[in-house]
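S.K.: mmCIF, C-alpha atoms, pLDDT in the B column; chains and numbers go by the auth columns, file my_file.cif:
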```
data_upload
loop_
_atom_site.group_PDB
_atom_site.id
_atom_site.type_symbol
_atom_site.label_atom_id
_atom_site.label_comp_id
_atom_site.label_asym_id
_atom_site.label_seq_id
_atom_site.Cartn_x
_atom_site.Cartn_y
_atom_site.Cartn_z
_atom_site.B_iso_or_equiv
_atom_site.auth_seq_id
_atom_site.auth_asym_id
ATOM 1 C CA MET A 1 85.017 105.322 104.693 71.00 1 A
ATOM 2 C CA PRO A 2 86.164 102.121 102.984 79.00 2 A
ATOM 3 C CA GLN A 3 85.853 98.945 105.054 87.00 3 A
ATOM 4 C CA LEU A 4 87.788 96.368 103.020 91.00 4 A
ATOM 5 C CA VAL A 5 90.603 96.474 100.473 91.00 5 A
ATOM 6 C CA THR A 6 91.009 93.428 98.239 92.00 6 A
ATOM 7 C CA ALA A 7 94.299 92.909 96.404 91.00 7 A
ATOM 8 C CA ARG A 8 94.649 90.202 93.753 91.00 8 A
ATOM 9 C CA TYR A 9 98.012 89.311 92.260 88.00 9 A
ATOM 10 C CA CYS A 10 98.271 87.087 89.176 85.00 10 A
ATOM 11 C CA ARG A 11 101.774 85.733 88.729 78.00 11 A
ATOM 12 C CA ALA A 12 103.403 84.981 85.412 77.00 12 A
ATOM 13 C CA ASP A 13 102.929 81.222 85.903 81.00 13 A
ATOM 14 C CA GLY A 14 99.143 81.680 86.219 79.00 14 A
ATOM 15 C CA ARG A 15 98.778 81.346 90.011 86.00 15 A
ATOM 16 C CA THR A 16 96.511 83.903 91.660 89.00 16 A
ATOM 17 C CA ARG A 17 96.827 85.194 95.217 90.00 17 A
ATOM 18 C CA ARG A 18 94.135 87.216 97.001 92.00 18 A
ATOM 19 C CA LEU A 19 94.684 89.394 100.047 91.00 19 A
ATOM 20 C CA TYR A 20 91.786 90.866 102.036 94.00 20 A
ATOM 21 C CA VAL A 21 92.785 93.823 104.235 92.00 21 A
ATOM 22 C CA PRO A 22 90.235 95.234 106.726 93.00 22 A
ATOM 23 C CA VAL A 23 90.766 98.997 106.942 89.00 23 A
ATOM 24 C CA VAL A 24 89.670 99.767 110.527 90.00 24 A
ATOM 25 C CA PRO A 25 92.025 97.305 112.330 93.00 25 A
ATOM 26 C CA VAL A 26 94.926 98.446 110.152 91.00 26 A
ATOM 27 C CA LEU A 27 94.177 102.075 111.021 88.00 27 A
ATOM 28 C CA LEU A 28 94.076 101.204 114.732 91.00 28 A
ATOM 29 C CA VAL A 29 97.476 99.523 114.518 94.00 29 A
ATOM 30 C CA LEU A 30 98.945 102.391 112.484 93.00 30 A
ATOM 31 C CA ALA A 31 97.318 105.152 114.604 91.00 31 A
ATOM 32 C CA PRO A 32 100.664 106.550 115.865 92.00 32 A
ATOM 33 C CA LEU A 33 101.868 106.921 112.265 94.00 33 A
ATOM 34 C CA VAL A 34 98.579 108.585 111.294 87.00 34 A
ATOM 35 C CA LEU A 35 99.169 111.136 114.066 90.00 35 A
ATOM 36 C CA LEU A 36 102.653 111.851 112.680 94.00 36 A
ATOM 37 C CA ALA A 37 101.177 112.185 109.173 92.00 37 A
ATOM 38 C CA VAL A 38 98.648 114.739 110.444 90.00 38 A
ATOM 39 C CA VAL A 39 101.409 116.769 112.106 93.00 39 A
ATOM 40 C CA GLY A 40 103.484 116.569 108.913 95.00 40 A
ATOM 41 C CA GLY A 41 100.451 117.656 106.879 93.00 41 A
ATOM 42 C CA LEU A 42 99.921 120.653 109.151 93.00 42 A
ATOM 43 C CA ILE A 43 103.571 121.649 108.750 96.00 43 A
ATOM 44 C CA ALA A 44 103.289 121.260 104.960 95.00 44 A
ATOM 45 C CA CYS A 45 100.152 123.435 104.966 95.00 45 A
ATOM 46 C CA ARG A 46 102.022 126.106 106.891 96.00 46 A
ATOM 47 C CA VAL A 47 105.027 125.983 104.521 97.00 47 A
ATOM 48 C CA PHE A 48 102.970 126.131 101.317 96.00 48 A
ATOM 49 C CA GLY A 49 100.337 128.569 102.592 96.00 49 A
ATOM 50 C CA ILE A 50 97.367 126.188 102.361 94.00 50 A
ATOM 51 C CA ARG A 51 94.479 126.420 104.816 96.00 51 A
ATOM 52 C CA PRO A 52 94.480 123.269 107.022 94.00 52 A
ATOM 53 C CA GLY A 53 90.653 123.157 107.047 93.00 53 A
ATOM 54 C CA GLY A 54 90.526 123.106 103.257 93.00 54 A
ATOM 55 C CA ALA A 55 93.180 120.394 103.082 93.00 55 A
ATOM 56 C CA LEU A 56 91.305 118.317 105.670 90.00 56 A
ATOM 57 C CA GLY A 57 88.085 118.717 103.681 93.00 57 A
ATOM 58 C CA GLY A 58 89.864 117.527 100.538 93.00 58 A
ATOM 59 C CA VAL A 59 91.192 114.441 102.324 90.00 59 A
ATOM 60 C CA GLY A 60 87.698 113.728 103.656 90.00 60 A
ATOM 61 C CA ARG A 61 86.213 113.951 100.154 93.00 61 A
ATOM 62 C CA LEU A 62 88.920 111.631 98.857 90.00 62 A
ATOM 63 C CA LEU A 63 88.125 109.038 101.552 85.00 63 A
ATOM 64 C CA CYS A 64 84.408 109.265 100.758 89.00 64 A
ATOM 65 C CA ALA A 65 85.127 108.659 97.065 90.00 65 A
ATOM 66 C CA LEU A 66 87.306 105.570 97.647 87.00 66 A
ATOM 67 C CA PRO A 67 84.614 102.877 98.030 88.00 67 A
ATOM 68 C CA GLY A 68 84.115 101.256 94.652 88.00 68 A
ATOM 69 C CA ALA A 69 87.514 102.340 93.301 90.00 69 A
ATOM 70 C CA ARG A 70 89.510 99.798 91.269 92.00 70 A
ATOM 71 C CA PHE A 71 93.183 99.912 90.329 88.00 71 A
ATOM 72 C CA GLU A 72 94.423 97.462 87.699 90.00 72 A
ATOM 73 C CA MET A 73 97.946 97.097 86.391 89.00 73 A
ATOM 74 C CA GLN A 74 99.315 94.508 83.996 87.00 74 A
ATOM 75 C CA GLN A 75 102.810 94.030 82.671 86.00 75 A
ATOM 76 C CA GLY A 76 103.482 90.982 80.563 84.00 76 A
ATOM 77 C CA ARG A 77 101.813 87.991 82.210 81.00 77 A
ATOM 78 C CA THR A 78 101.793 89.557 85.692 82.00 78 A
ATOM 79 C CA ALA A 79 98.679 91.454 86.813 86.00 79 A
ATOM 80 C CA VAL A 80 97.667 93.301 89.986 88.00 80 A
ATOM 81 C CA LEU A 81 94.095 94.306 90.877 89.00 81 A
ATOM 82 C CA ILE A 82 93.241 96.404 93.952 89.00 82 A
ATOM 83 C CA LYS A 83 89.564 96.965 94.799 91.00 83 A
ATOM 84 C CA VAL A 84 88.298 99.180 97.622 90.00 84 A
ATOM 85 C CA SER A 85 84.845 98.355 99.004 83.00 85 A
#
```
Mind turning the file's structure into structure tokens?

M.R.:
Amino acid sequence: MPQLVTARYCRADGRTRRLYVPVVPVLLVLAPLVLLAVVGGLIACRVFGIRPGGALGGVGRLLCALPGARFEMQQGRTAVLIKVS
């Protein structure tokens, strides 16, 4: 499971901002919303005929693959970099 998400934002005027987000405290704060998301996912599995165990396994594999992922986007002189570690 990822431990830290780093977001870097380069503005058009050249200033750079960095934001470090620890994953575990954010998950603890958002735990009630995670519970609602799980219930919504179970309802969606029921509606679309997907096995909940298979969907849960897919989400687990996705979380295991996240560390080391990088997302970069640039438009004009503005750039955003998100790194999961």

S.K.: Using the chain letters and numbers from the file, give me the residues hit by the PyMOL selection byres ((chain A and resi 67) around 10), as number ranges by chain.

M.R.: A: 1-5, 62-66, 68-70, 83-85

S.K.: Take the residues just selected and output them with C-alpha atoms as an mmCIF file, in the coordinates of the input.

M.R.:
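Final output, saved to out.cif:
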```cif
data_model
loop_
_atom_site.group_PDB
_atom_site.id
_atom_site.type_symbol
_atom_site.label_atom_id
_atom_site.label_comp_id
_atom_site.auth_asym_id
_atom_site.auth_seq_id
_atom_site.Cartn_x
_atom_site.Cartn_y
_atom_site.Cartn_z
ATOM 1 C CA MET A 1 85.017 105.322 104.693
ATOM 2 C CA PRO A 2 86.164 102.121 102.984
ATOM 3 C CA GLN A 3 85.853 98.945 105.054
ATOM 4 C CA LEU A 4 87.788 96.368 103.020
ATOM 5 C CA VAL A 5 90.603 96.474 100.473
ATOM 6 C CA LEU A 62 88.920 111.631 98.857
ATOM 7 C CA LEU A 63 88.125 109.038 101.552
ATOM 8 C CA CYS A 64 84.408 109.265 100.758
ATOM 9 C CA ALA A 65 85.127 108.659 97.065
ATOM 10 C CA LEU A 66 87.306 105.570 97.647
ATOM 11 C CA GLY A 68 84.115 101.256 94.652
ATOM 12 C CA ALA A 69 87.514 102.340 93.301
ATOM 13 C CA ARG A 70 89.510 99.798 91.269
ATOM 14 C CA LYS A 83 89.564 96.965 94.799
ATOM 15 C CA VAL A 84 88.298 99.180 97.622
ATOM 16 C CA SER A 85 84.845 98.355 99.004
#
```

S.K.: Just the number, please: distance in Å from CA of Val38 in chain A to CA of Pro22 in chain A, one decimal.

M.R.: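 Going from CA of Val38 in chain A over to CA of Pro22 in chain A, I get 21.6 Å.
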
S.K.: CA of Ala55 in chain A and CA of Pro25 in chain A are how many Å apart?

M.R.: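 So the answer is 24.9 Å.
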
S.K.: For Asp13 in chain A, work out the shell of residues within 9 Å, counting only C-alpha atoms and skipping chain neighbours fewer than 2 positions away, then give it as an mmCIF file with C-alpha atoms, in the frame of the given file.

M.R.:
```cif
data_model
loop_
_atom_site.group_PDB
_atom_site.id
_atom_site.type_symbol
_atom_site.label_atom_id
_atom_site.label_comp_id
_atom_site.auth_asym_id
_atom_site.auth_seq_id
_atom_site.Cartn_x
_atom_site.Cartn_y
_atom_site.Cartn_z
ATOM 1 C CA CYS A 10 98.271 87.087 89.176
ATOM 2 C CA ARG A 11 101.774 85.733 88.729
ATOM 3 C CA ARG A 15 98.778 81.346 90.011
ATOM 4 C CA ARG A 77 101.813 87.991 82.210
ATOM 5 C CA THR A 78 101.793 89.557 85.692
#
```

S.K.: Taking all atoms of range 60-74 of chain A that appear in the file, build a box with edges along x, y and z, extend it by 5 Å on every side, and state its centre and edge lengths in Å to one decimal, as JSON.

M.R.:
```
{"center_x": 91.7, "center_y": 104.2, "center_z": 93.8, "size_x": 25.2, "size_y": 29.4, "size_z": 29.7}
```

S.K.: In Å, how far is it from CA of Pro32 in chain A to CA of Val59 in chain A?

M.R.: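 About the pair CA of Pro32 in chain A and CA of Val59 in chain A: they are 18.3 Å apart.
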
S.K.: For Gly41 in chain A, please output as a list in words all residues within 12 Å (counting only C-alpha atoms; exclusion window: fewer than 3 positions along the same chain).

M.R.: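 In the requested format, the answer is Val34, Leu35, Leu36, Ala37, Val38, Ala44, Cys45, Arg46, Val47, Phe48, Gly49, Ile50, Arg51, Pro52, Gly53, Gly54, Ala55, Leu56 and Val59 of chain A.
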
S.K.: Could those selected residues go to a file with C-alpha atoms, as a PDB file, in the coordinates of the input?

M.R.:
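What follows is the written file again_26.pdb:
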```
ATOM      1  CA  VAL A  34      98.579 108.585 111.294  1.00 87.00           C
ATOM      2  CA  LEU A  35      99.169 111.136 114.066  1.00 90.00           C
ATOM      3  CA  LEU A  36     102.653 111.851 112.680  1.00 94.00           C
ATOM      4  CA  ALA A  37     101.177 112.185 109.173  1.00 92.00           C
ATOM      5  CA  VAL A  38      98.648 114.739 110.444  1.00 90.00           C
ATOM      6  CA  ALA A  44     103.289 121.260 104.960  1.00 95.00           C
ATOM      7  CA  CYS A  45     100.152 123.435 104.966  1.00 95.00           C
ATOM      8  CA  ARG A  46     102.022 126.106 106.891  1.00 96.00           C
ATOM      9  CA  VAL A  47     105.027 125.983 104.521  1.00 97.00           C
ATOM     10  CA  PHE A  48     102.970 126.131 101.317  1.00 96.00           C
ATOM     11  CA  GLY A  49     100.337 128.569 102.592  1.00 96.00           C
ATOM     12  CA  ILE A  50      97.367 126.188 102.361  1.00 94.00           C
ATOM     13  CA  ARG A  51      94.479 126.420 104.816  1.00 96.00           C
ATOM     14  CA  PRO A  52      94.480 123.269 107.022  1.00 94.00           C
ATOM     15  CA  GLY A  53      90.653 123.157 107.047  1.00 93.00           C
ATOM     16  CA  GLY A  54      90.526 123.106 103.257  1.00 93.00           C
ATOM     17  CA  ALA A  55      93.180 120.394 103.082  1.00 93.00           C
ATOM     18  CA  LEU A  56      91.305 118.317 105.670  1.00 90.00           C
ATOM     19  CA  VAL A  59      91.192 114.441 102.324  1.00 90.00           C
TER      20      VAL A  59
END
```

S.K.: I need the output of the PyMOL selection byres ((chain A and resi 18) around 8) for this file as a PyMOL selection string; which residues are they?

M.R.: chain A and resi 6-9+16-17+19-20
